[in-house]
>>> print(open('run_6.csv').read())   # CSV, C-alpha atoms
chain,number,residue,atom,x,y,z
A,1,MET,CA,-66.4,3.6,90.7
A,2,ASN,CA,-69.2,4.6,93.1
A,3,ILE,CA,-71.9,6.9,91.8
A,4,TYR,CA,-73.9,9.1,94.2
A,5,LEU,CA,-77.1,10.6,93.0
A,6,ILE,CA,-78.3,13.5,95.1
A,7,ARG,CA,-81.6,15.4,94.7
A,8,HIS,CA,-81.5,19.1,95.4
A,9,GLY,CA,-82.9,20.4,98.8
A,10,GLU,CA,-86.4,21.6,99.2
A,11,ALA,CA,-87.1,24.5,96.7
A,12,GLU,CA,-89.6,27.2,96.5
A,13,HIS,CA,-91.8,25.5,94.0
A,14,ASN,CA,-91.8,22.3,96.1
A,15,VAL,CA,-93.7,24.3,98.7
A,16,ASP,CA,-95.9,26.2,96.2
A,17,ARG,CA,-96.0,24.6,92.7
A,18,PHE,CA,-98.1,27.5,91.3
A,19,LEU,CA,-94.9,29.6,91.3
A,20,MET,CA,-94.0,27.7,88.1
A,21,ALA,CA,-96.7,29.7,86.2
A,22,HIS,CA,-94.6,32.9,86.3
A,23,THR,CA,-91.0,31.8,87.3
A,24,HIS,CA,-89.0,29.6,85.1
A,25,ASP,CA,-88.1,26.2,86.7
A,26,SER,CA,-84.4,27.0,86.5
A,27,GLN,CA,-84.8,30.0,88.8
A,28,HIS,CA,-86.4,28.4,91.9
A,29,SER,CA,-84.2,28.8,95.0
A,30,LEU,CA,-83.8,26.6,98.0
A,31,THR,CA,-86.0,27.4,100.9
A,32,GLU,CA,-84.6,27.8,104.4
A,33,ILE,CA,-85.3,24.1,105.0
A,34,GLY,CA,-83.7,23.3,101.7
A,35,HIS,CA,-80.5,25.0,102.7
A,36,LYS,CA,-80.5,23.1,106.0
A,37,GLN,CA,-81.0,19.8,104.1
A,38,ALA,CA,-78.2,20.7,101.7
A,39,GLN,CA,-75.8,21.4,104.6
A,40,MET,CA,-76.7,18.1,106.3
A,41,THR,CA,-76.1,16.2,103.1
A,42,ALA,CA,-72.8,18.0,102.7
A,43,GLU,CA,-71.7,16.9,106.1
A,44,PHE,CA,-72.7,13.3,105.2
A,45,MET,CA,-70.8,13.3,101.9
A,46,LYS,CA,-67.7,14.8,103.5
A,47,GLU,CA,-67.3,11.5,105.4
A,48,ILE,CA,-67.7,9.1,102.6
A,49,VAL,CA,-65.8,10.6,99.5
A,50,ASN,CA,-62.1,11.2,99.1
A,51,GLU,CA,-60.0,13.4,96.9
A,52,LYS,CA,-60.3,11.0,94.0
A,53,SER,CA,-63.8,12.3,93.3
A,54,VAL,CA,-65.7,14.5,90.8
A,55,LEU,CA,-68.9,16.5,91.2
A,56,PHE,CA,-71.4,17.1,88.4
A,57,CYS,CA,-74.4,19.3,88.8
A,58,SER,CA,-77.6,20.5,87.0
A,59,PRO,CA,-77.3,24.2,86.1
A,60,TYR,CA,-80.6,25.0,87.8
A,61,LEU,CA,-80.4,27.4,90.8
A,62,ARG,CA,-81.6,24.9,93.4
A,63,THR,CA,-79.2,22.2,92.3
A,64,MET,CA,-76.3,24.7,92.1
A,65,GLN,CA,-77.0,25.8,95.7
A,66,THR,CA,-77.1,22.2,96.9
A,67,ALA,CA,-74.0,21.3,95.0
A,68,GLN,CA,-72.0,24.3,96.3
A,69,ALA,CA,-72.9,23.4,99.9
A,70,ILE,CA,-71.5,19.9,99.3
A,71,HIS,CA,-68.5,21.0,97.3
A,72,SER,CA,-67.5,23.5,100.0
A,73,LEU,CA,-66.9,20.6,102.5
A,74,LEU,CA,-65.0,18.3,100.1
A,75,PRO,CA,-61.3,18.4,99.4
A,76,GLU,CA,-60.4,21.5,97.4
A,77,GLN,CA,-59.0,19.6,94.4
A,78,ILE,CA,-62.3,17.9,93.6
A,79,PRO,CA,-63.5,19.2,90.2
A,80,PHE,CA,-67.0,20.7,90.0
A,81,PHE,CA,-68.8,20.8,86.6
A,82,GLN,CA,-72.2,22.0,85.5
A,83,ASN,CA,-73.9,19.7,82.9
A,84,PRO,CA,-77.2,20.7,81.3
A,85,LEU,CA,-78.0,17.0,80.6
A,86,LEU,CA,-78.7,16.8,84.3
A,87,ARG,CA,-81.5,19.4,84.3
A,88,GLU,CA,-85.0,18.9,85.5
A,89,TRP,CA,-87.8,17.4,83.4
A,90,GLU,CA,-89.0,20.3,81.3
A,91,LEU,CA,-92.8,20.9,81.6
A,92,GLY,CA,-92.6,24.0,79.3
A,93,ASN,CA,-91.2,27.4,79.6
A,94,LEU,CA,-93.8,28.2,82.2
A,95,TYR,CA,-96.3,25.7,83.5
A,96,ASP,CA,-99.6,26.6,85.1
A,97,PHE,CA,-101.2,23.8,87.1
A,98,ASN,CA,-104.5,25.8,87.0
A,99,ASN,CA,-104.6,25.9,83.2
A,100,ARG,CA,-104.5,22.2,82.0
A,101,THR,CA,-106.7,22.2,79.0
A,102,PRO,CA,-109.2,19.4,78.1
A,103,GLU,CA,-107.1,18.7,75.0
A,104,ALA,CA,-103.9,18.3,77.1
A,105,LYS,CA,-105.7,16.0,79.5
A,106,LYS,CA,-107.0,13.9,76.6
A,107,GLU,CA,-103.5,13.6,75.1
A,108,PHE,CA,-102.1,12.7,78.5
A,109,LYS,CA,-104.6,9.9,78.9
A,110,ALA,CA,-103.9,8.6,75.4
A,111,ALA,CA,-100.1,8.7,75.6
A,112,GLY,CA,-99.5,7.9,79.3
A,113,GLN,CA,-97.1,9.3,81.7
A,114,PHE,CA,-93.9,8.2,80.0
A,115,TYR,CA,-94.7,9.3,76.4
A,116,PHE,CA,-96.8,12.5,77.0
A,117,ARG,CA,-94.8,15.5,75.9
A,118,TYR,CA,-95.6,18.8,77.5
A,119,GLN,CA,-96.0,21.9,75.3
A,120,ASN,CA,-92.6,23.5,74.8
A,121,GLY,CA,-91.3,20.8,77.1
A,122,GLU,CA,-90.3,17.2,77.3
A,123,SER,CA,-91.8,13.7,77.9
A,124,LEU,CA,-90.3,11.4,80.5
A,125,ALA,CA,-89.0,9.5,77.5
A,126,ASP,CA,-86.9,12.5,76.6
A,127,VAL,CA,-85.5,12.6,80.1
A,128,TYR,CA,-84.7,8.9,79.8
A,129,LEU,CA,-82.7,9.7,76.7
A,130,ARG,CA,-80.8,12.4,78.5
A,131,ALA,CA,-80.0,10.1,81.3
A,132,THR,CA,-78.6,7.4,78.9
A,133,MET,CA,-76.6,10.0,77.1
A,134,PHE,CA,-75.0,11.2,80.4
A,135,MET,CA,-74.3,7.6,81.4
A,136,ASN,CA,-72.8,6.6,78.1
A,137,THR,CA,-70.7,9.7,77.5
A,138,VAL,CA,-69.7,11.4,80.7
A,139,LEU,CA,-69.8,8.5,83.2
A,140,GLU,CA,-68.5,5.8,80.9
A,141,ARG,CA,-65.6,8.1,79.9
A,142,ALA,CA,-64.8,8.8,83.6
A,143,LYS,CA,-64.9,5.1,84.3
A,144,GLN,CA,-62.6,4.2,81.4
A,145,GLN,CA,-60.1,6.9,82.5
A,146,GLY,CA,-60.0,5.5,86.0
A,147,ARG,CA,-59.3,8.9,87.4
A,148,TYR,CA,-62.1,8.9,90.0
A,149,GLU,CA,-63.3,6.5,92.7
A,150,ASN,CA,-66.5,8.5,93.3
A,151,VAL,CA,-68.8,10.5,91.1
A,152,VAL,CA,-71.2,12.8,92.9
A,153,ILE,CA,-74.2,14.0,90.8
A,154,VAL,CA,-76.6,16.7,92.1
A,155,THR,CA,-79.7,16.6,90.0
A,156,HIS,CA,-83.5,16.3,90.1
A,157,ALA,CA,-86.0,13.5,91.0
A,158,ALA,CA,-87.2,12.8,87.4
A,159,PHE,CA,-83.6,12.5,86.2
A,160,ILE,CA,-82.7,10.2,89.1
A,161,GLN,CA,-85.7,8.0,88.3
A,162,MET,CA,-84.9,7.8,84.6
A,163,LEU,CA,-81.2,7.0,85.2
A,164,LEU,CA,-82.2,4.2,87.6
A,165,THR,CA,-84.8,2.9,85.1
A,166,PHE,CA,-82.0,2.7,82.5
A,167,LEU,CA,-79.4,1.1,84.7
A,168,MET,CA,-81.7,-1.4,86.3
A,169,ASN,CA,-83.6,-2.3,83.1
A,170,TRP,CA,-86.9,-1.5,84.7
A,171,PRO,CA,-90.0,-1.7,82.4
A,172,ILE,CA,-91.7,1.7,81.9
A,173,GLU,CA,-94.8,0.2,83.4
A,174,SER,CA,-93.0,0.3,86.8
A,175,LEU,CA,-93.0,4.1,86.8
A,176,GLU,CA,-96.2,4.2,88.8
A,177,LYS,CA,-94.5,2.2,91.5
A,178,PHE,CA,-91.6,4.6,92.0
A,179,LYS,CA,-91.2,5.8,95.5
A,180,PRO,CA,-90.6,9.5,96.0
A,181,VAL,CA,-87.0,10.8,95.9
A,182,GLU,CA,-86.7,12.9,99.1
A,183,ASN,CA,-85.1,16.3,98.9
A,184,ALA,CA,-81.3,16.2,99.4
A,185,SER,CA,-81.3,12.4,99.7
A,186,VAL,CA,-78.4,10.3,98.5
A,187,ILE,CA,-78.6,7.2,96.4
A,188,LYS,CA,-75.5,5.1,95.9
A,189,ILE,CA,-74.9,3.1,92.7
A,190,ASN,CA,-72.1,0.6,92.1
A,191,GLU,CA,-71.5,-2.5,90.1
A,192,ALA,CA,-71.4,-6.1,91.4
A,193,ASP,CA,-71.2,-9.2,89.2
A,194,TRP,CA,-71.5,-7.0,86.1
A,195,ASP,CA,-74.8,-5.6,87.2
A,196,TYR,CA,-75.7,-2.3,88.8
A,197,GLN,CA,-77.0,-2.1,92.3
A,198,TYR,CA,-78.4,0.8,94.2
A,199,GLU,CA,-79.5,1.8,97.7
A,200,LYS,CA,-80.7,5.0,99.4
A,201,ILE,CA,-78.0,5.7,102.0
A,202,PHE,CA,-79.1,9.1,103.4
A,203,VAL,CA,-82.2,11.2,103.9
A,204,PRO,CA,-81.8,14.5,105.8
A,205,ILE,CA,-84.4,15.1,108.5
A,206,VAL,CA,-84.8,18.8,109.4
A,207,GLU,CA,-86.6,19.5,112.7
A,208,GLU,CA,-88.9,22.4,112.3
>>> encode(input="run_6.csv", output="structure tokens")
Amino acid sequence: MNIYLIRHGEAEHNVDRFLMAHTHDSQHSLTEIGHKQAQMTAEFMKEIVNEKSVLFCSPYLRTMQTAQAIHSLLPEQIPFFQNPLLREWELGNLYDFNNRTPEAKKEFKAAGQFYFRYQNGESLADVYLRATMFMNTVLERAKQQGRYENVVIVTHAAFIQMLLTFLMNWPIESLEKFKPVENASVIKINEADWDYQYEKIFVPIVEE
């Protein structure tokens, strides 16, 4: 079974992160470039998945918009499900990058990037747990049923990084070495010799 991890297209807060101070993260829409990226990724996915596929998506607006663009070009019978386990790393109900207190900075320095938990939000360790839960419940069940040859997952950069960390058994110290996950890019995961392998197979380039 092939797993395709797709990050959402460029969203409003990717351009202006200070929007997060007054608009909840779940409500940020794709930009014009983001919609173009999603369409390009949809065209790419149309050529590589067949009718024995399933699509899962984070319920956030930007991921739904990306997933809908992809689903619209796939065979009609392909199921399309939202799953809140796939949501973005929660930094709090609203997060103001201009209002990081000395106390929070001290806690972050003490705990480190993986263990620091944002107020009313999550740590990356929490996202890691969600990724393992999705893998061990949803994906393992789909694998055991043998109904699908391809699983398409539209989600967020932090979730993708944590799922890869789990599957590849990377140490948490390697987090600082992660390369960025480009908007609307596609990472393919499959098994070979009982181990998981992955590769980035598509990155949309939008000419401005």
>>> closest_residue(input="run_6.csv", among="A:Arg87, A:Arg147, A:His8, A:His28", to="A:Ala42", atoms="all atoms listed in the file")
A:His8
>>> atom_distance(input="run_6.csv", atom1="atom CA of A:Gln119", atom2="atom CA of A:Leu91")
7.1 Å
>>> atom_distance(input="run_6.csv", atom1="atom CA of A:Trp89", atom2="atom CA of A:Ile3")
20.8 Å
>>> atom_distance(input="run_6.csv", atom1="atom CA of A:Glu149", atom2="atom CA of A:Tyr128")
25.1 Å
>>> residues_around(input="run_6.csv", residues="A:Ala142", least_positions_apart="5", cutoff="9 Å", atoms="all atoms listed in the file", output="ChimeraX atom specification")
/A:1,137,147-148,151
>>> residues_around(input="run_6.csv", residues="A:Gln113", least_positions_apart="6", cutoff="9 Å", atoms="only C-alpha atoms", output="list in words")
Ser123, Leu124, Leu175 and Glu176 of chain A
>>> write_last_selection(input="run_6.csv", atoms="C-alpha atoms", output="PDB file, in the frame of the given file")
ATOM      1  CA  SER A 123     -91.800  13.700  77.900  1.00  0.00           C
ATOM      2  CA  LEU A 124     -90.300  11.400  80.500  1.00  0.00           C
ATOM      3  CA  LEU A 175     -93.000   4.100  86.800  1.00  0.00           C
ATOM      4  CA  GLU A 176     -96.200   4.200  88.800  1.00  0.00           C
TER       5      GLU A 176
END
>>> closest_residue(input="run_6.csv", among="A:Gln197, A:Asn136, A:Gln27, A:Asn2", to="A:Met168", atoms="all atoms listed in the file")
A:Gln197
>>> build_atoms(input="run_6.csv", residues="stretch 55-70 of chain A", atoms="N, CA, C and O atoms", output="mmCIF file, in the frame of the given file")
data_model
loop_
_atom_site.group_PDB
_atom_site.id
_atom_site.type_symbol
_atom_site.label_atom_id
_atom_site.label_comp_id
_atom_site.auth_asym_id
_atom_site.auth_seq_id
_atom_site.Cartn_x
_atom_site.Cartn_y
_atom_site.Cartn_z
ATOM 1 N N LEU A 55 -67.521 16.086 90.963
ATOM 2 C CA LEU A 55 -68.900 16.500 91.200
ATOM 3 C C LEU A 55 -69.495 17.088 89.954
ATOM 4 O O LEU A 55 -68.906 17.990 89.355
ATOM 5 N N PHE A 56 -70.656 16.567 89.549
ATOM 6 C CA PHE A 56 -71.400 17.100 88.400
ATOM 7 C C PHE A 56 -72.745 17.640 88.945
ATOM 8 O O PHE A 56 -73.321 17.087 89.887
ATOM 9 N N CYS A 57 -73.246 18.684 88.276
ATOM 10 C CA CYS A 57 -74.400 19.300 88.800
ATOM 11 C C CYS A 57 -75.300 19.880 87.661
ATOM 12 O O CYS A 57 -74.793 20.385 86.659
ATOM 13 N N SER A 58 -76.615 19.778 87.821
ATOM 14 C CA SER A 58 -77.600 20.500 87.000
ATOM 15 C C SER A 58 -77.330 21.982 87.100
ATOM 16 O O SER A 58 -77.012 22.473 88.188
ATOM 17 N N PRO A 59 -77.494 22.767 86.023
ATOM 18 C CA PRO A 59 -77.300 24.200 86.100
ATOM 19 C C PRO A 59 -78.405 24.989 86.762
ATOM 20 O O PRO A 59 -78.306 26.216 86.895
ATOM 21 N N TYR A 60 -79.467 24.322 87.196
ATOM 22 C CA TYR A 60 -80.600 25.000 87.800
ATOM 23 C C TYR A 60 -80.157 25.582 89.177
ATOM 24 O O TYR A 60 -79.293 25.022 89.856
ATOM 25 N N LEU A 61 -80.773 26.683 89.587
ATOM 26 C CA LEU A 61 -80.400 27.400 90.800
ATOM 27 C C LEU A 61 -80.392 26.489 92.027
ATOM 28 O O LEU A 61 -79.442 26.458 92.816
ATOM 29 N N ARG A 62 -81.455 25.738 92.215
ATOM 30 C CA ARG A 62 -81.600 24.900 93.400
ATOM 31 C C ARG A 62 -80.548 23.804 93.493
ATOM 32 O O ARG A 62 -80.077 23.456 94.581
ATOM 33 N N THR A 63 -80.195 23.252 92.336
ATOM 34 C CA THR A 63 -79.200 22.200 92.300
ATOM 35 C C THR A 63 -77.783 22.813 92.523
ATOM 36 O O THR A 63 -76.934 22.229 93.199
ATOM 37 N N MET A 64 -77.562 23.985 91.946
ATOM 38 C CA MET A 64 -76.300 24.700 92.100
ATOM 39 C C MET A 64 -76.076 25.000 93.616
ATOM 40 O O MET A 64 -74.988 24.811 94.165
ATOM 41 N N GLN A 65 -77.118 25.494 94.269
ATOM 42 C CA GLN A 65 -77.000 25.800 95.700
ATOM 43 C C GLN A 65 -76.710 24.582 96.523
ATOM 44 O O GLN A 65 -75.886 24.626 97.447
ATOM 45 N N THR A 66 -77.363 23.486 96.193
ATOM 46 C CA THR A 66 -77.100 22.200 96.900
ATOM 47 C C THR A 66 -75.709 21.732 96.662
ATOM 48 O O THR A 66 -74.991 21.339 97.593
ATOM 49 N N ALA A 67 -75.286 21.757 95.396
ATOM 50 C CA ALA A 67 -74.000 21.300 95.000
ATOM 51 C C ALA A 67 -72.851 22.129 95.638
ATOM 52 O O ALA A 67 -71.806 21.616 96.069
ATOM 53 N N GLN A 68 -73.056 23.430 95.677
ATOM 54 C CA GLN A 68 -72.000 24.300 96.300
ATOM 55 C C GLN A 68 -71.867 24.048 97.742
ATOM 56 O O GLN A 68 -70.743 24.090 98.260
ATOM 57 N N ALA A 69 -72.974 23.764 98.434
ATOM 58 C CA ALA A 69 -72.900 23.400 99.900
ATOM 59 C C ALA A 69 -72.058 22.151 100.046
ATOM 60 O O ALA A 69 -71.212 22.054 100.948
ATOM 61 N N ILE A 70 -72.276 21.166 99.169
ATOM 62 C CA ILE A 70 -71.500 19.900 99.300
ATOM 63 C C ILE A 70 -70.074 20.110 98.897
ATOM 64 O O ILE A 70 -69.166 19.676 99.617
#
